[in-house]
Amino acid sequence: MNSPDAAEADIAAPGLADPGAVESSGLVDTGLGETMISQGGVADVAEAGIVHALQGMIDLGGPVVAILLAMSVVALTIILVKIGQFLWWRLGDERSLNTALAHWRDGRVEPALETLSRSRSPAARVMEVAIQGRRDNVCPEPLVREEATRVAVNWLERLRGQFRMLEVIGTLAPLLGLLGTVLGMIAAFQQLEAAGNRVDPAILSGGIWVALLTTAVGLAVAIPVVAVLNGLERWVERFRHRMQDAVTQVFTLPPPAAERQHEPTPITSAQKGHIKVWKERAAGDAH
């Protein structure tokens with residue numbers, strides 16, 4: 001027979017707590033298990049709360065809020081894509097450009113082209129066109145400049161792609177919010193008119209704050225979009241300046257001395273082309 005002291009020790013022993021208490025808590029009786037279940041429950045509650053809040057905003061604001069939320073999703077997608085695109089193309093890569101210019105300045109054309117080929121920057125592609133045109137000396141320098149400008153403009157157009165969509169969203173979002181507010185005020189005053197002599201201030205105040213909700217949503221969508229758009233445009237503008245500076249140095253620096261001695265100048269090449277055309281015309285007139 002167990003003594004009363006032993007019985008009390010068994011009751012107080014860890015791990016022999018009341019099963020009913022553990023079951024009622026709904027958690028596993030381990031510290032790790034309890035923490036994991038708690039975190040999962042918090043995540044589910046947070047997700048359900050966000051969905052419920054969005055659904056409530058759509059129900060209160062109507063189709064205008066739904067359109068604004070869709071526009072926010074489109075804007076966020078474009079922003080993430082553009083940031084990823086800029087990072088992949090390494091628009092801030094100045095080391096490769098400076099190294100290539102140093103090689104070109106020293107007359108080492110092949111190392112310069114090899115350095116540019118390893119860079120993903122669009123400025124490297126434009127510099128390749130300029131350096132190859134000056135090295136081969138097939139076309140006059142003005143034509144090489146025009147070709148480099150054409151390639152640069154095409155790259156800048158790709159970098160600025162979808163900026164117009166962000167501008168439209170940043171401009172239309174506040175206007176749509178204001179439209180929703182006006183429509184909500186009209187509905188509120190219609191309800192106030194229908195009430196007649198039994199005017200309830202709660203009807204008017206409730207309709208007003210619901211109407212103002214659309215304006216708040218429109219501003220909440222427009223302000224971040226406009227701010228990020230200006231940041232992206234500044235990013236592209238700085239890249240354009242660096243690219244223009246690097247390409248200009250390719251044309252202002254003289255080509256390698258060995259190639260200048262053996263190749264004709266651009267003006268002589270252009271004159272030979274005109275002379276050939278004149279001879280062909282003369283031959284045709286003679287016949």
# chains A, B, ... in the order shown; residues from 1 in each chain; ligands from 1

$ residues_around --residues "range 83-85 of chain A" --least-positions-apart "6" --cutoff "12 Å" --atoms "only C-alpha atoms" --output "PDB file with C-alpha atoms, in the first residue's frame"
ATOM      1  CA  LEU A  76       3.109  46.266 -58.193  1.00  0.00           C
ATOM      2  CA  THR A  77       3.780  43.609 -60.848  1.00  0.00           C
ATOM      3  CA  LEU A  91      22.739  49.383 -65.084  1.00  0.00           C
ATOM      4  CA  ARG A 120      25.398  42.477 -69.271  1.00  0.00           C
ATOM      5  CA  SER A 121      25.032  46.254 -69.271  1.00  0.00           C
ATOM      6  CA  PRO A 122      23.301  47.777 -72.340  1.00  0.00           C
ATOM      7  CA  ARG A 158      13.318  48.937 -73.624  1.00  0.00           C
ATOM      8  CA  LEU A 159      14.357  50.277 -70.238  1.00  0.00           C
ATOM      9  CA  ARG A 160      11.492  52.777 -70.211  1.00  0.00           C
ATOM     10  CA  GLY A 161       8.965  50.142 -71.254  1.00  0.00           C
ATOM     11  CA  GLN A 162       5.795  50.039 -69.105  1.00  0.00           C
ATOM     12  CA  PHE A 163       6.612  53.428 -67.579  1.00  0.00           C
ATOM     13  CA  VAL A 228       8.496  54.583 -57.381  1.00  0.00           C
ATOM     14  CA  LEU A 229       8.042  55.763 -60.973  1.00  0.00           C
ATOM     15  CA  GLY A 231      12.829  56.632 -58.749  1.00  0.00           C
ATOM     16  CA  LEU A 232      12.881  54.339 -61.787  1.00  0.00           C
ATOM     17  CA  GLU A 233      13.055  57.277 -64.182  1.00  0.00           C
ATOM     18  CA  TRP A 235      17.676  55.321 -62.407  1.00  0.00           C
ATOM     19  CA  VAL A 236      17.344  55.256 -66.198  1.00  0.00           C
TER      20      VAL A 236
END

$ residues_around --residues "Pro63 in chain A" --least-positions-apart "5" --cutoff "10 Å" --atoms "only C-alpha atoms" --output "list in words"
Ile58, Leu68, Leu69, Gly180 and Thr214 of chain A

$ residues_around --residues "Leu101 in chain A" --least-positions-apart "6" --cutoff "12 Å" --atoms "only C-alpha atoms" --output "JSON, numbers by chain"
{"A": [94, 95, 107, 108, 109, 110, 111, 112, 113, 114, 115, 116, 124, 127, 128, 130, 131, 243, 245, 246, 247, 248, 249, 250, 251, 252, 253, 254, 255]}

$ write_last_selection --atoms "C-alpha atoms" --output "PDB file, in the first residue's frame"
ATOM      1  CA  GLU A  94      30.768  51.291 -64.344  1.00  0.00           C
ATOM      2  CA  ARG A  95      33.830  49.108 -63.765  1.00  0.00           C
ATOM      3  CA  GLY A 107      45.420  51.036 -78.056  1.00  0.00           C
ATOM      4  CA  ARG A 108      44.374  47.520 -76.910  1.00  0.00           C
ATOM      5  CA  VAL A 109      41.172  46.985 -78.882  1.00  0.00           C
ATOM      6  CA  GLU A 110      40.699  43.252 -78.383  1.00  0.00           C
ATOM      7  CA  PRO A 111      40.953  43.387 -74.550  1.00  0.00           C
ATOM      8  CA  ALA A 112      38.464  46.259 -74.597  1.00  0.00           C
ATOM      9  CA  LEU A 113      35.944  44.250 -76.619  1.00  0.00           C
ATOM     10  CA  GLU A 114      36.515  41.183 -74.458  1.00  0.00           C
ATOM     11  CA  THR A 115      35.816  43.205 -71.312  1.00  0.00           C
ATOM     12  CA  LEU A 116      32.603  44.571 -72.794  1.00  0.00           C
ATOM     13  CA  ALA A 124      28.517  47.731 -73.103  1.00  0.00           C
ATOM     14  CA  MET A 127      30.267  50.740 -76.773  1.00  0.00           C
ATOM     15  CA  GLU A 128      30.941  47.539 -78.721  1.00  0.00           C
ATOM     16  CA  ALA A 130      31.274  52.263 -81.432  1.00  0.00           C
ATOM     17  CA  ILE A 131      34.633  50.533 -80.892  1.00  0.00           C
ATOM     18  CA  MET A 243      26.377  55.506 -71.303  1.00  0.00           C
ATOM     19  CA  ASP A 245      29.732  59.781 -71.470  1.00  0.00           C
ATOM     20  CA  ALA A 246      31.428  56.439 -72.175  1.00  0.00           C
ATOM     21  CA  VAL A 247      30.433  56.315 -75.855  1.00  0.00           C
ATOM     22  CA  THR A 248      31.515  59.922 -76.384  1.00  0.00           C
ATOM     23  CA  GLN A 249      34.967  59.077 -75.043  1.00  0.00           C
ATOM     24  CA  VAL A 250      35.244  56.314 -77.648  1.00  0.00           C
ATOM     25  CA  PHE A 251      34.884  58.930 -80.396  1.00  0.00           C
ATOM     26  CA  THR A 252      36.929  61.689 -78.766  1.00  0.00           C
ATOM     27  CA  LEU A 253      39.907  59.408 -78.083  1.00  0.00           C
ATOM     28  CA  PRO A 254      41.998  58.677 -81.188  1.00  0.00           C
ATOM     29  CA  PRO A 255      41.930  55.123 -82.589  1.00  0.00           C
TER      30      PRO A 255
END

$ residues_around --residues "range 181-189 of chain A" --least-positions-apart "4" --cutoff "6 Å" --atoms "only C-alpha atoms" --output "PyMOL selection string"
chain A and resi 204+207+211-212+214

$ residues_around --residues "Glu146 in chain A" --least-positions-apart "2" --cutoff "12 Å" --atoms "only C-alpha atoms" --output "MDAnalysis selection string"
chainID A and resid 126 129:130 133 139:144 148:153 247 251

$ write_last_selection --atoms "C-alpha atoms" --output "short mmCIF file (atom, residue, chain, number, x, y, z; two decimals), in the first residue's frame"
data_model
loop_
_atom_site.label_atom_id
_atom_site.label_comp_id
_atom_site.auth_asym_id
_atom_site.auth_seq_id
_atom_site.Cartn_x
_atom_site.Cartn_y
_atom_site.Cartn_z
CA VAL A 126 26.56 50.37 -77.44
CA VAL A 129 29.25 49.06 -81.76
CA ALA A 130 31.27 52.26 -81.43
CA GLY A 133 33.10 50.81 -86.08
CA CYS A 139 32.16 53.41 -92.45
CA PRO A 140 32.73 57.13 -91.92
CA GLU A 141 32.69 58.28 -88.33
CA PRO A 142 29.31 60.07 -88.66
CA LEU A 143 27.69 56.80 -89.72
CA VAL A 144 29.26 54.97 -86.79
CA ALA A 148 25.66 53.78 -81.91
CA THR A 149 22.91 56.32 -81.26
CA ARG A 150 20.32 54.02 -82.82
CA VAL A 151 21.36 51.09 -80.61
CA ALA A 152 21.38 53.32 -77.52
CA VAL A 153 17.90 54.67 -78.26
CA VAL A 247 30.43 56.32 -75.86
CA PHE A 251 34.88 58.93 -80.40
#
